[in-house]
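Colleague: First the structure, then my questions, so here it is.
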Amino acid sequence: IPDANDPNIVYAEYQGGNVARIDRRTKRARDIQPKADKAGEKLRYNWNAPLRLSVHNQDIVYFGANRLFRSMDKGETWTAISADLSSSRERGDVPYATITSFSESPLAFGTLWVGTDDGNVWFSDDGGSRWRQVDAQLPAGRWVSRVEASRVDRARAYVALNGYRNDDTTAYLFTTDDGGA
C-alpha cells in the first residue's frame, strides 16, 4: 500500500501477520508488526492479515490480528482498539479466530467494521472505544471474506461470507443500512 502523501513509503503485509514499512529511496524495510500489550499474551495473525491506511489521514495505519490495532504514527507505535473480536477456539494451518477483513468509513473517521474467519462481524462508530457485534442474522461460522463500509451512507456496509471449510459453495452477500442492527 503506497502512502498517498509520499509514494516512496510503501506498506507491505506478508504471511502470518508480518508487516513492514518500506522506504523506496533508501531501500530499507522496517518491521512494524504490532506486539501484544501484556506479557504472555499471544496474538493470532491470519495468513493474509488485513492492513489499511486510513482514508482520512495517511499517517494512521490499521492492522488486524485477533484484535484490531491502530497506529497514529505510520506504524512506529500501536494501540489495540479492540478486545479479541474472534470467538472460535479452533486453530489450524490458516488460523481460526483472526480478523480477516476490516473497513473504515470514508464518510466518518472512527466508523469501523470488522469481520473474522469464524463468522463474527463487529461495528464501532467511536474509533474502537466500543464495539457492537452485528452478525446475529448472518449464517453462523462462515469466514468473513470481506466487509466494506459504504462510500455513500455512513450506516451502510456490505459483508461477503464463504463456507469453503464446510464444503459449502453458496455465495453469501449481505448489506445493512442501519449500522448492523
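The way I read the labels, and the way they are meant: chains A, B, ... in the order of the C-alpha cells, residue 1 as the first residue of every chain, and ligand 1 as the first ligand shown, with later ones counted on from there.
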Just want the 8 Å neighbourhood of range 130-137 of chain A, counted on only C-alpha atoms, with same-chain residues fewer than 6 positions away dropped. Output as an MDAnalysis selection string.

Modeller: chainID A and resid 82 119:124 180:181

Colleague: Can you list, as a ChimeraX atom specification, every protein, DNA or RNA residue that comes within 9 Å of Ala97 in chain A when you count only C-alpha atoms, leaving out same-chain residues fewer than 5 positions away?

Modeller: /A:44-46,65-66,84-91,116-118

Colleague: Which residues of range 78-149 of chain A come within 7 Å of range 160-166 of chain A, and what is each one's closest atom pair and distance in Å (one decimal), counting only C-alpha atoms, sorted by chain and residue number, as JSON lines?

Modeller:
{"residue": "A:Arg142", "atom": "CA", "partner": "A:Gly163", "partner_atom": "CA", "distance": 5.2}
{"residue": "A:Trp143", "atom": "CA", "partner": "A:Asn162", "partner_atom": "CA", "distance": 5.3}
{"residue": "A:Val144", "atom": "CA", "partner": "A:Leu161", "partner_atom": "CA", "distance": 4.5}
{"residue": "A:Ser145", "atom": "CA", "partner": "A:Leu161", "partner_atom": "CA", "distance": 5.4}
{"residue": "A:Arg146", "atom": "CA", "partner": "A:Ala160", "partner_atom": "CA", "distance": 5.1}
{"residue": "A:Val147", "atom": "CA", "partner": "A:Ala160", "partner_atom": "CA", "distance": 6.4}

Colleague: Would you mind listing, for every residue of range 17-133 of chain A within 12 Å of range 150-159 of chain A, the two atoms forming the shortest contact and the distance between them in Å to one decimal, using only C-alpha atoms, sorted by chain and ascending residue number, as JSON lines?

Modeller:
{"residue": "A:Val55", "atom": "CA", "partner": "A:Arg151", "partner_atom": "CA", "distance": 11.2}
{"residue": "A:Thr100", "atom": "CA", "partner": "A:Val159", "partner_atom": "CA", "distance": 11.7}
{"residue": "A:Ser101", "atom": "CA", "partner": "A:Val159", "partner_atom": "CA", "distance": 9.6}
{"residue": "A:Phe102", "atom": "CA", "partner": "A:Val159", "partner_atom": "CA", "distance": 10.1}
{"residue": "A:Ser103", "atom": "CA", "partner": "A:Ala157", "partner_atom": "CA", "distance": 9.0}
{"residue": "A:Glu104", "atom": "CA", "partner": "A:Ser150", "partner_atom": "CA", "distance": 9.2}
{"residue": "A:Ser105", "atom": "CA", "partner": "A:Arg154", "partner_atom": "CA", "distance": 6.6}
{"residue": "A:Pro106", "atom": "CA", "partner": "A:Arg151", "partner_atom": "CA", "distance": 6.1}
{"residue": "A:Leu107", "atom": "CA", "partner": "A:Arg154", "partner_atom": "CA", "distance": 6.1}
{"residue": "A:Ala108", "atom": "CA", "partner": "A:Arg154", "partner_atom": "CA", "distance": 6.9}
{"residue": "A:Phe109", "atom": "CA", "partner": "A:Arg154", "partner_atom": "CA", "distance": 10.1}
{"residue": "A:Gly110", "atom": "CA", "partner": "A:Arg154", "partner_atom": "CA", "distance": 10.7}
{"residue": "A:Thr111", "atom": "CA", "partner": "A:Arg154", "partner_atom": "CA", "distance": 7.7}
{"residue": "A:Leu112", "atom": "CA", "partner": "A:Ala157", "partner_atom": "CA", "distance": 9.9}
{"residue": "A:Trp113", "atom": "CA", "partner": "A:Ala157", "partner_atom": "CA", "distance": 7.9}
{"residue": "A:Val114", "atom": "CA", "partner": "A:Val159", "partner_atom": "CA", "distance": 9.7}
{"residue": "A:Gly115", "atom": "CA", "partner": "A:Val159", "partner_atom": "CA", "distance": 8.2}
{"residue": "A:Thr116", "atom": "CA", "partner": "A:Val159", "partner_atom": "CA", "distance": 11.0}
{"residue": "A:Gly119", "atom": "CA", "partner": "A:Val159", "partner_atom": "CA", "distance": 10.5}
{"residue": "A:Asn120", "atom": "CA", "partner": "A:Val159", "partner_atom": "CA", "distance": 10.7}
{"residue": "A:Val121", "atom": "CA", "partner": "A:Val159", "partner_atom": "CA", "distance": 8.4}
{"residue": "A:Trp122", "atom": "CA", "partner": "A:Val159", "partner_atom": "CA", "distance": 10.9}
{"residue": "A:Phe123", "atom": "CA", "partner": "A:Ala157", "partner_atom": "CA", "distance": 9.7}
{"residue": "A:Ser124", "atom": "CA", "partner": "A:Ala155", "partner_atom": "CA", "distance": 10.7}
{"residue": "A:Asp125", "atom": "CA", "partner": "A:Ala155", "partner_atom": "CA", "distance": 9.3}

Colleague: Which one is closest to Asp73 in chain A: A:Gln58, A:Ala49, A:Pro2, A:Gly179? Count only C-alpha atoms.

Modeller: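 Looking only at the distances to Asp73 in chain A, the closest residue turns out to be A:Gln58.
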
Colleague: Within chain A, find each residue whose DSSP state, derived from the backbone, is strand (DSSP E), and express the selection as number ranges by chain.

Modeller: A: 2-3, 6-14, 18-23, 28-31, 51-53, 61-64, 68-71, 79-80, 99-104, 112-116, 121-124, 132-133, 143-149, 157-163, 168-176

Colleague: So how many Å separate CA of Thr169 in chain A and CA of Ala140 in chain A, to one decimal?

Modeller: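 Pair CA of Thr169 in chain A / CA of Ala140 in chain A returns 14.9 Å.
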
Colleague: Which neighbours of Ala12 in chain A fall inside 8 Å, counting only C-alpha atoms, when residues of the same chain fewer than 4 positions from it are skipped, and could you give them as a list in words?

Modeller: Ile1, Val19, Ala20, Arg21 and Ile22 of chain A

Colleague: Excluding Leu53 in chain A and residues on its chain fewer than 4 positions from it, collect all residues at most 8 Å away from it, counting only C-alpha atoms, and give them as JSON, numbers by chain.

Modeller: {"A": [1, 3, 57, 58, 59, 60, 61, 62]}

Colleague: Using only C-alpha atoms, pick whichever of A:Arg24, A:Arg30, A:His56, A:Arg67 has the shortest atom-to-atom distance to Lys42 in chain A.

Modeller: A:Arg67

Colleague: For the atom pair CA of Ile81 in chain A and CA of Arg52 in chain A, what is the interatomic distance in Å to one decimal place?

Modeller: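 It comes out at 14.6 Å.
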
Colleague: In Å, how far is it from CA of Pro7 in chain A to CA of Gln33 in chain A?

Modeller: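 Spanning CA of Pro7 in chain A to CA of Gln33 in chain A is a straight-line distance of 20.7 Å.
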
Colleague: So which residues touch Asp23 in chain A within 10 Å, counting only C-alpha atoms, skipping near sequence neighbours fewer than 5 positions away, as a list of chain:residue names?

Modeller: A:Asp6, A:Pro7, A:Asn8, A:Ile9, A:Val10, A:Tyr11, A:Arg28, A:Ala29, A:Arg30

Colleague: Quick one: write out the picked residues with C-alpha atoms as a short mmCIF file (atom, residue, chain, number, x, y, z; two decimals), in the first residue's frame?

Modeller:
data_model
loop_
_atom_site.label_atom_id
_atom_site.label_comp_id
_atom_site.auth_asym_id
_atom_site.auth_seq_id
_atom_site.Cartn_x
_atom_site.Cartn_y
_atom_site.Cartn_z
CA ASP A 6 4.69 10.11 -0.13
CA PRO A 7 4.64 7.31 -2.76
CA ASN A 8 8.20 6.36 -1.75
CA ILE A 9 6.76 4.99 1.51
CA VAL A 10 5.07 1.64 0.98
CA TYR A 11 3.46 -0.75 3.49
CA ARG A 28 15.17 -0.13 3.75
CA ALA A 29 12.31 -2.06 5.28
CA ARG A 30 11.32 -1.70 8.90
#
